[in-house]
>>> print(open('query.cif').read())   # mmCIF, N, CA, C and O atoms
data_input
#
loop_
_atom_site.group_PDB
_atom_site.id
_atom_site.type_symbol
_atom_site.label_atom_id
_atom_site.label_comp_id
_atom_site.auth_asym_id
_atom_site.auth_seq_id
_atom_site.Cartn_x
_atom_site.Cartn_y
_atom_site.Cartn_z
ATOM 1 N N MET T 184 83.462 103.469 116.071
ATOM 2 C CA MET T 184 83.518 104.268 117.269
ATOM 3 C C MET T 184 84.772 103.871 118.030
ATOM 4 O O MET T 184 85.052 102.696 118.218
ATOM 5 N N GLY T 185 85.512 104.816 118.475
ATOM 6 C CA GLY T 185 86.744 104.533 119.179
ATOM 7 C C GLY T 185 86.670 104.946 120.632
ATOM 8 O O GLY T 185 85.668 105.459 121.118
ATOM 9 N N PHE T 186 87.758 104.699 121.303
ATOM 10 C CA PHE T 186 87.856 105.077 122.700
ATOM 11 C C PHE T 186 88.418 106.495 122.804
ATOM 12 O O PHE T 186 89.205 106.924 121.986
ATOM 13 N N ILE T 187 88.005 107.192 123.839
ATOM 14 C CA ILE T 187 88.512 108.536 124.099
ATOM 15 C C ILE T 187 89.615 108.411 125.133
ATOM 16 O O ILE T 187 89.415 107.821 126.199
ATOM 17 N N LYS T 188 90.778 108.916 124.815
ATOM 18 C CA LYS T 188 91.888 108.890 125.782
ATOM 19 C C LYS T 188 91.639 109.951 126.846
ATOM 20 O O LYS T 188 91.250 111.069 126.550
ATOM 21 N N GLU T 189 91.873 109.557 128.069
ATOM 22 C CA GLU T 189 91.753 110.506 129.163
ATOM 23 C C GLU T 189 93.037 111.320 129.251
ATOM 24 O O GLU T 189 94.131 110.748 129.327
ATOM 25 N N PRO T 190 92.914 112.632 129.248
ATOM 26 C CA PRO T 190 94.117 113.444 129.448
ATOM 27 C C PRO T 190 94.702 113.170 130.829
ATOM 28 O O PRO T 190 93.985 112.791 131.760
ATOM 29 N N ILE T 191 95.978 113.362 130.972
ATOM 30 C CA ILE T 191 96.655 113.119 132.243
ATOM 31 C C ILE T 191 96.062 114.037 133.319
ATOM 32 O O ILE T 191 95.910 115.237 133.126
ATOM 33 N N GLY T 192 95.688 113.428 134.422
ATOM 34 C CA GLY T 192 95.164 114.197 135.546
ATOM 35 C C GLY T 192 93.657 114.426 135.489
ATOM 36 O O GLY T 192 93.095 115.058 136.369
ATOM 37 N N ILE T 193 92.985 113.931 134.442
ATOM 38 C CA ILE T 193 91.533 114.116 134.317
ATOM 39 C C ILE T 193 90.883 112.738 134.188
ATOM 40 O O ILE T 193 91.307 111.913 133.383
ATOM 41 N N ASP T 194 89.861 112.481 134.985
ATOM 42 C CA ASP T 194 89.127 111.225 134.919
ATOM 43 C C ASP T 194 87.721 111.497 134.397
ATOM 44 O O ASP T 194 87.036 112.401 134.879
ATOM 45 N N PHE T 195 87.320 110.723 133.401
ATOM 46 C CA PHE T 195 85.951 110.806 132.898
ATOM 47 C C PHE T 195 85.114 109.807 133.680
ATOM 48 O O PHE T 195 85.319 108.605 133.592
ATOM 49 N N ILE T 196 84.176 110.297 134.449
ATOM 50 C CA ILE T 196 83.299 109.438 135.233
ATOM 51 C C ILE T 196 81.865 109.689 134.775
ATOM 52 O O ILE T 196 81.405 110.824 134.750
ATOM 53 N N ILE T 197 81.207 108.618 134.395
ATOM 54 C CA ILE T 197 79.822 108.728 133.929
ATOM 55 C C ILE T 197 78.923 108.102 134.973
ATOM 56 O O ILE T 197 79.074 106.933 135.317
ATOM 57 N N GLN T 198 78.021 108.891 135.486
ATOM 58 C CA GLN T 198 77.070 108.390 136.461
ATOM 59 C C GLN T 198 75.674 108.534 135.882
ATOM 60 O O GLN T 198 75.198 109.642 135.652
ATOM 61 N N SER T 199 75.033 107.403 135.623
ATOM 62 C CA SER T 199 73.676 107.457 135.103
ATOM 63 C C SER T 199 72.696 107.177 136.235
ATOM 64 O O SER T 199 73.034 106.544 137.236
ATOM 65 N N GLU T 200 71.494 107.653 136.043
ATOM 66 C CA GLU T 200 70.463 107.436 137.054
ATOM 67 C C GLU T 200 70.051 105.968 137.029
ATOM 68 O O GLU T 200 70.000 105.351 135.972
ATOM 69 N N PRO T 201 69.744 105.392 138.179
ATOM 70 C CA PRO T 201 69.303 103.995 138.200
ATOM 71 C C PRO T 201 67.952 103.858 137.494
ATOM 72 O O PRO T 201 67.136 104.783 137.470
ATOM 73 N N LEU T 202 67.743 102.688 136.892
ATOM 74 C CA LEU T 202 66.488 102.439 136.194
ATOM 75 C C LEU T 202 65.352 102.227 137.182
ATOM 76 O O LEU T 202 65.542 101.633 138.249
ATOM 77 N N THR T 203 64.173 102.668 136.791
ATOM 78 C CA THR T 203 62.990 102.392 137.605
ATOM 79 C C THR T 203 62.535 100.975 137.293
ATOM 80 O O THR T 203 62.957 100.365 136.316
ATOM 81 N N ASP T 204 61.652 100.448 138.126
ATOM 82 C CA ASP T 204 61.142 99.099 137.888
ATOM 83 C C ASP T 204 60.391 99.021 136.556
ATOM 84 O O ASP T 204 60.485 98.025 135.849
ATOM 85 N N VAL T 205 59.680 100.074 136.205
ATOM 86 C CA VAL T 205 58.929 100.107 134.947
ATOM 87 C C VAL T 205 59.894 100.082 133.761
ATOM 88 O O VAL T 205 59.701 99.319 132.810
ATOM 89 N N GLU T 206 60.936 100.893 133.820
ATOM 90 C CA GLU T 206 61.921 100.926 132.739
ATOM 91 C C GLU T 206 62.624 99.578 132.601
ATOM 92 O O GLU T 206 62.835 99.086 131.496
ATOM 93 N N ARG T 207 62.962 98.989 133.714
ATOM 94 C CA ARG T 207 63.629 97.687 133.704
ATOM 95 C C ARG T 207 62.733 96.625 133.057
ATOM 96 O O ARG T 207 63.185 95.812 132.262
ATOM 97 N N LYS T 208 61.441 96.670 133.390
ATOM 98 C CA LYS T 208 60.487 95.710 132.834
ATOM 99 C C LYS T 208 60.323 95.931 131.328
ATOM 100 O O LYS T 208 60.276 94.971 130.554
ATOM 101 N N GLU T 209 60.252 97.192 130.897
ATOM 102 C CA GLU T 209 60.119 97.502 129.472
ATOM 103 C C GLU T 209 61.326 97.000 128.687
ATOM 104 O O GLU T 209 61.181 96.430 127.607
ATOM 105 N N ILE T 210 62.507 97.195 129.239
ATOM 106 C CA ILE T 210 63.718 96.741 128.563
ATOM 107 C C ILE T 210 63.732 95.216 128.475
ATOM 108 O O ILE T 210 64.066 94.649 127.428
ATOM 109 N N SER T 211 63.347 94.535 129.531
ATOM 110 C CA SER T 211 63.304 93.077 129.529
ATOM 111 C C SER T 211 62.326 92.558 128.481
ATOM 112 O O SER T 211 62.622 91.607 127.757
ATOM 113 N N GLU T 212 61.159 93.183 128.391
ATOM 114 C CA GLU T 212 60.163 92.772 127.402
ATOM 115 C C GLU T 212 60.670 93.012 125.982
ATOM 116 O O GLU T 212 60.455 92.192 125.091
ATOM 117 N N TYR T 213 61.353 94.118 125.776
ATOM 118 C CA TYR T 213 61.916 94.426 124.456
ATOM 119 C C TYR T 213 62.950 93.371 124.056
ATOM 120 O O TYR T 213 62.940 92.866 122.936
ATOM 121 N N ILE T 214 63.825 93.030 124.987
ATOM 122 C CA ILE T 214 64.856 92.029 124.698
ATOM 123 C C ILE T 214 64.218 90.679 124.390
ATOM 124 O O ILE T 214 64.615 89.995 123.435
ATOM 125 N N LYS T 215 63.208 90.288 125.159
ATOM 126 C CA LYS T 215 62.515 89.022 124.901
ATOM 127 C C LYS T 215 61.884 89.007 123.520
ATOM 128 O O LYS T 215 61.974 88.021 122.791
ATOM 129 N N SER T 216 61.239 90.122 123.129
ATOM 130 C CA SER T 216 60.584 90.165 121.823
ATOM 131 C C SER T 216 61.604 90.087 120.692
ATOM 132 O O SER T 216 61.386 89.418 119.685
ATOM 133 N N LYS T 217 62.752 90.742 120.859
ATOM 134 C CA LYS T 217 63.804 90.690 119.829
ATOM 135 C C LYS T 217 64.384 89.287 119.713
ATOM 136 O O LYS T 217 64.681 88.812 118.618
ATOM 137 N N LYS T 218 64.548 88.589 120.835
ATOM 138 C CA LYS T 218 65.051 87.216 120.797
ATOM 139 C C LYS T 218 64.064 86.311 120.064
ATOM 140 O O LYS T 218 64.460 85.454 119.278
ATOM 141 N N GLU T 219 62.767 86.498 120.312
ATOM 142 C CA GLU T 219 61.755 85.702 119.619
ATOM 143 C C GLU T 219 61.769 85.984 118.123
ATOM 144 O O GLU T 219 61.678 85.069 117.307
ATOM 145 N N GLU T 220 61.890 87.254 117.739
ATOM 146 C CA GLU T 220 61.960 87.618 116.324
ATOM 147 C C GLU T 220 63.172 86.963 115.669
ATOM 148 O O GLU T 220 63.097 86.477 114.543
ATOM 149 N N ASN T 221 64.287 86.934 116.376
ATOM 150 C CA ASN T 221 65.503 86.335 115.856
ATOM 151 C C ASN T 221 65.317 84.829 115.665
ATOM 152 O O ASN T 221 65.738 84.269 114.652
ATOM 153 N N LYS T 222 64.690 84.165 116.626
ATOM 154 C CA LYS T 222 64.438 82.725 116.510
ATOM 155 C C LYS T 222 63.561 82.432 115.297
ATOM 156 O O LYS T 222 63.809 81.487 114.551
ATOM 157 N N ILE T 223 62.535 83.242 115.091
ATOM 158 C CA ILE T 223 61.630 83.048 113.958
ATOM 159 C C ILE T 223 62.373 83.248 112.649
ATOM 160 O O ILE T 223 62.217 82.471 111.705
ATOM 161 N N ALA T 224 63.216 84.271 112.581
ATOM 162 C CA ALA T 224 63.985 84.541 111.368
ATOM 163 C C ALA T 224 64.935 83.386 111.059
ATOM 164 O O ALA T 224 65.081 82.983 109.899
ATOM 165 N N ILE T 225 65.559 82.834 112.081
ATOM 166 C CA ILE T 225 66.472 81.707 111.882
ATOM 167 C C ILE T 225 65.698 80.493 111.383
ATOM 168 O O ILE T 225 66.141 79.794 110.461
ATOM 169 N N MET T 226 64.541 80.242 111.955
ATOM 170 C CA MET T 226 63.736 79.099 111.524
ATOM 171 C C MET T 226 63.295 79.258 110.073
ATOM 172 O O MET T 226 63.280 78.296 109.313
ATOM 173 N N LYS T 227 62.954 80.469 109.663
ATOM 174 C CA LYS T 227 62.559 80.713 108.278
ATOM 175 C C LYS T 227 63.716 80.436 107.330
ATOM 176 O O LYS T 227 63.534 79.890 106.256
ATOM 177 N N LYS T 228 64.937 80.814 107.730
ATOM 178 C CA LYS T 228 66.110 80.561 106.903
ATOM 179 C C LYS T 228 66.343 79.066 106.750
ATOM 180 O O LYS T 228 66.686 78.591 105.683
ATOM 181 N N ILE T 229 66.161 78.318 107.828
ATOM 182 C CA ILE T 229 66.361 76.872 107.785
ATOM 183 C C ILE T 229 65.346 76.230 106.853
ATOM 184 O O ILE T 229 65.679 75.360 106.054
ATOM 185 N N VAL T 230 64.101 76.675 106.916
ATOM 186 C CA VAL T 230 63.038 76.111 106.088
ATOM 187 C C VAL T 230 63.281 76.433 104.617
ATOM 188 O O VAL T 230 63.035 75.609 103.741
ATOM 189 N N LYS T 231 63.819 77.623 104.308
ATOM 190 C CA LYS T 231 64.041 78.040 102.928
ATOM 191 C C LYS T 231 65.173 77.282 102.252
ATOM 192 O O LYS T 231 65.230 77.203 101.043
ATOM 193 N N ARG T 232 66.086 76.708 103.033
ATOM 194 C CA ARG T 232 67.207 75.982 102.454
ATOM 195 C C ARG T 232 66.708 74.795 101.653
ATOM 196 O O ARG T 232 65.779 74.095 102.051
ATOM 197 N N LYS T 233 67.352 74.559 100.539
ATOM 198 C CA LYS T 233 66.986 73.418 99.712
ATOM 199 C C LYS T 233 67.597 72.167 100.320
ATOM 200 O O LYS T 233 68.749 72.170 100.725
ATOM 201 N N PRO T 234 66.843 71.071 100.326
ATOM 202 C CA PRO T 234 67.422 69.837 100.845
ATOM 203 C C PRO T 234 68.489 69.306 99.879
ATOM 204 O O PRO T 234 68.419 69.531 98.679
ATOM 205 N N LYS T 235 69.458 68.610 100.431
ATOM 206 C CA LYS T 235 70.506 68.045 99.599
ATOM 207 C C LYS T 235 69.921 66.932 98.738
ATOM 208 O O LYS T 235 69.007 66.210 99.145
ATOM 209 N N ASN T 236 70.475 66.808 97.552
ATOM 210 C CA ASN T 236 70.019 65.759 96.640
ATOM 211 C C ASN T 236 70.574 64.431 97.118
ATOM 212 O O ASN T 236 71.767 64.184 97.075
ATOM 213 N N THR T 237 69.690 63.565 97.595
ATOM 214 C CA THR T 237 70.121 62.277 98.139
ATOM 215 C C THR T 237 69.833 61.121 97.189
ATOM 216 O O THR T 237 69.993 59.975 97.556
ATOM 217 N N GLU T 238 69.402 61.443 95.969
ATOM 218 C CA GLU T 238 69.124 60.385 95.005
ATOM 219 C C GLU T 238 70.407 59.745 94.545
ATOM 220 O O GLU T 238 71.417 60.398 94.321
ATOM 221 N N LYS T 239 70.359 58.406 94.373
ATOM 222 C CA LYS T 239 71.533 57.706 93.851
ATOM 223 C C LYS T 239 71.447 57.647 92.349
ATOM 224 O O LYS T 239 70.403 57.381 91.778
ATOM 225 N N VAL T 240 72.550 57.922 91.710
ATOM 226 C CA VAL T 240 72.567 57.926 90.238
ATOM 227 C C VAL T 240 73.184 56.670 89.720
ATOM 228 O O VAL T 240 73.980 56.004 90.213
#
>>> encode(input="query.cif", output="structure tokens")
Amino acid sequence: MGFIKEPIGIDFIIQSEPLTDVERKEISEYIKSKKEENKIAIMKKIVKRKPKNTEKV
């Protein structure tokens, strides 16, 4: 995805509606759940790694 160049003399202004308290709370909960899923996935990767061979030959 690239940037859109503004033609000379024209300004692109985007005004979005402010979030409601309910929407803000839903987004926060979604972000928290995704962070937890990511932590769990990272921990699973760490557990799956084979330990280094520390035996002396």
>>> atom_distance(input="query.cif", atom1="atom O of Phe186 in chain T", atom2="atom O of Glu200 in chain T")
23.8 Å
>>> atom_distance(input="query.cif", atom1="atom O of Arg232 in chain T", atom2="CA of Ser216 in chain T")
26.0 Å
>>> atom_distance(input="query.cif", atom1="atom N of Tyr213 in chain T", atom2="atom C of Lys227 in chain T")
23.1 Å
>>> axis_aligned_box(input="query.cif", around="range 193-209 of chain T", padding_each_side="5 Å", output="lines of an AutoDock Vina configuration file")
center_x = 76.0
center_y = 104.5
center_z = 132.9
size_x = 44.1
size_y = 29.1
size_z = 20.6
>>> select_by_dssp(input="query.cif", residues="chain T", states="alpha helix (DSSP H)", output="count of residues only")
28
>>> decode(input="query.cif", residues="range 186-219 of chain T", atoms="N, CA and C atoms", output="tab-separated table (two decimals), in the first residue's frame")
chain	number	residue	atom	x	y	z
T	186	PHE	N	1.40	5.67	-0.52
T	186	PHE	CA	0.81	6.95	-0.15
T	186	PHE	C	0.18	7.59	-1.39
T	187	ILE	N	-0.87	8.35	-1.15
T	187	ILE	CA	-1.53	9.08	-2.23
T	187	ILE	C	-1.00	10.50	-2.21
T	188	LYS	N	-0.49	10.95	-3.32
T	188	LYS	CA	0.00	12.34	-3.40
T	188	LYS	C	-1.20	13.28	-3.49
T	189	GLU	N	-1.11	14.34	-2.74
T	189	GLU	CA	-2.15	15.35	-2.81
T	189	GLU	C	-1.88	16.26	-4.00
T	190	PRO	N	-2.87	16.43	-4.85
T	190	PRO	CA	-2.69	17.39	-5.95
T	190	PRO	C	-2.49	18.79	-5.38
T	191	ILE	N	-1.82	19.62	-6.11
T	191	ILE	CA	-1.55	20.99	-5.67
T	191	ILE	C	-2.88	21.73	-5.47
T	192	GLY	N	-3.02	22.33	-4.31
T	192	GLY	CA	-4.22	23.11	-4.03
T	192	GLY	C	-5.36	22.30	-3.43
T	193	ILE	N	-5.18	20.99	-3.25
T	193	ILE	CA	-6.24	20.14	-2.69
T	193	ILE	C	-5.68	19.44	-1.45
T	194	ASP	N	-6.41	19.50	-0.35
T	194	ASP	CA	-6.01	18.83	0.88
T	194	ASP	C	-6.99	17.69	1.16
T	195	PHE	N	-6.44	16.52	1.42
T	195	PHE	CA	-7.27	15.38	1.83
T	195	PHE	C	-7.36	15.40	3.35
T	196	ILE	N	-8.54	15.62	3.87
T	196	ILE	CA	-8.75	15.64	5.31
T	196	ILE	C	-9.75	14.54	5.65
T	197	ILE	N	-9.34	13.68	6.56
T	197	ILE	CA	-10.21	12.58	6.97
T	197	ILE	C	-10.67	12.85	8.39
T	198	GLN	N	-11.96	12.93	8.56
T	198	GLN	CA	-12.52	13.13	9.88
T	198	GLN	C	-13.39	11.94	10.22
T	199	SER	N	-12.96	11.17	11.22
T	199	SER	CA	-13.76	10.03	11.63
T	199	SER	C	-14.54	10.39	12.89
T	200	GLU	N	-15.61	9.67	13.08
T	200	GLU	CA	-16.43	9.92	14.27
T	200	GLU	C	-15.69	9.41	15.50
T	201	PRO	N	-15.81	10.09	16.62
T	201	PRO	CA	-15.15	9.62	17.84
T	201	PRO	C	-15.76	8.29	18.29
T	202	LEU	N	-14.92	7.47	18.92
T	202	LEU	CA	-15.39	6.17	19.41
T	202	LEU	C	-16.28	6.34	20.63
T	203	THR	N	-17.26	5.47	20.74
T	203	THR	CA	-18.08	5.46	21.95
T	203	THR	C	-17.32	4.70	23.02
T	204	ASP	N	-17.78	4.82	24.26
T	204	ASP	CA	-17.12	4.10	25.35
T	204	ASP	C	-17.19	2.59	25.14
T	205	VAL	N	-18.30	2.11	24.60
T	205	VAL	CA	-18.47	0.68	24.35
T	205	VAL	C	-17.47	0.21	23.29
T	206	GLU	N	-17.36	0.96	22.21
T	206	GLU	CA	-16.42	0.60	21.14
T	206	GLU	C	-14.98	0.62	21.65
T	207	ARG	N	-14.66	1.61	22.43
T	207	ARG	CA	-13.31	1.73	22.99
T	207	ARG	C	-13.00	0.52	23.89
T	208	LYS	N	-13.98	0.11	24.69
T	208	LYS	CA	-13.80	-1.03	25.58
T	208	LYS	C	-13.64	-2.32	24.77
T	209	GLU	N	-14.44	-2.49	23.72
T	209	GLU	CA	-14.34	-3.68	22.87
T	209	GLU	C	-12.97	-3.77	22.21
T	210	ILE	N	-12.47	-2.65	21.73
T	210	ILE	CA	-11.16	-2.64	21.09
T	210	ILE	C	-10.07	-2.98	22.11
T	211	SER	N	-10.16	-2.44	23.30
T	211	SER	CA	-9.18	-2.73	24.34
T	211	SER	C	-9.18	-4.21	24.70
T	212	GLU	N	-10.36	-4.80	24.82
T	212	GLU	CA	-10.46	-6.22	25.14
T	212	GLU	C	-9.89	-7.08	24.01
T	213	TYR	N	-10.14	-6.68	22.78
T	213	TYR	CA	-9.61	-7.41	21.63
T	213	TYR	C	-8.08	-7.38	21.63
T	214	ILE	N	-7.52	-6.21	21.88
T	214	ILE	CA	-6.06	-6.08	21.90
T	214	ILE	C	-5.47	-6.92	23.02
T	215	LYS	N	-6.09	-6.89	24.20
T	215	LYS	CA	-5.60	-7.71	25.32
T	215	LYS	C	-5.63	-9.19	24.98
T	216	SER	N	-6.72	-9.65	24.34
T	216	SER	CA	-6.82	-11.07	24.01
T	216	SER	C	-5.77	-11.47	22.98
T	217	LYS	N	-5.50	-10.60	22.01
T	217	LYS	CA	-4.48	-10.90	20.99
T	217	LYS	C	-3.09	-10.94	21.62
T	218	LYS	N	-2.81	-10.05	22.57
T	218	LYS	CA	-1.52	-10.07	23.25
T	218	LYS	C	-1.34	-11.36	24.04
T	219	GLU	N	-2.41	-11.82	24.70
T	219	GLU	CA	-2.34	-13.08	25.44
T	219	GLU	C	-2.10	-14.25	24.51
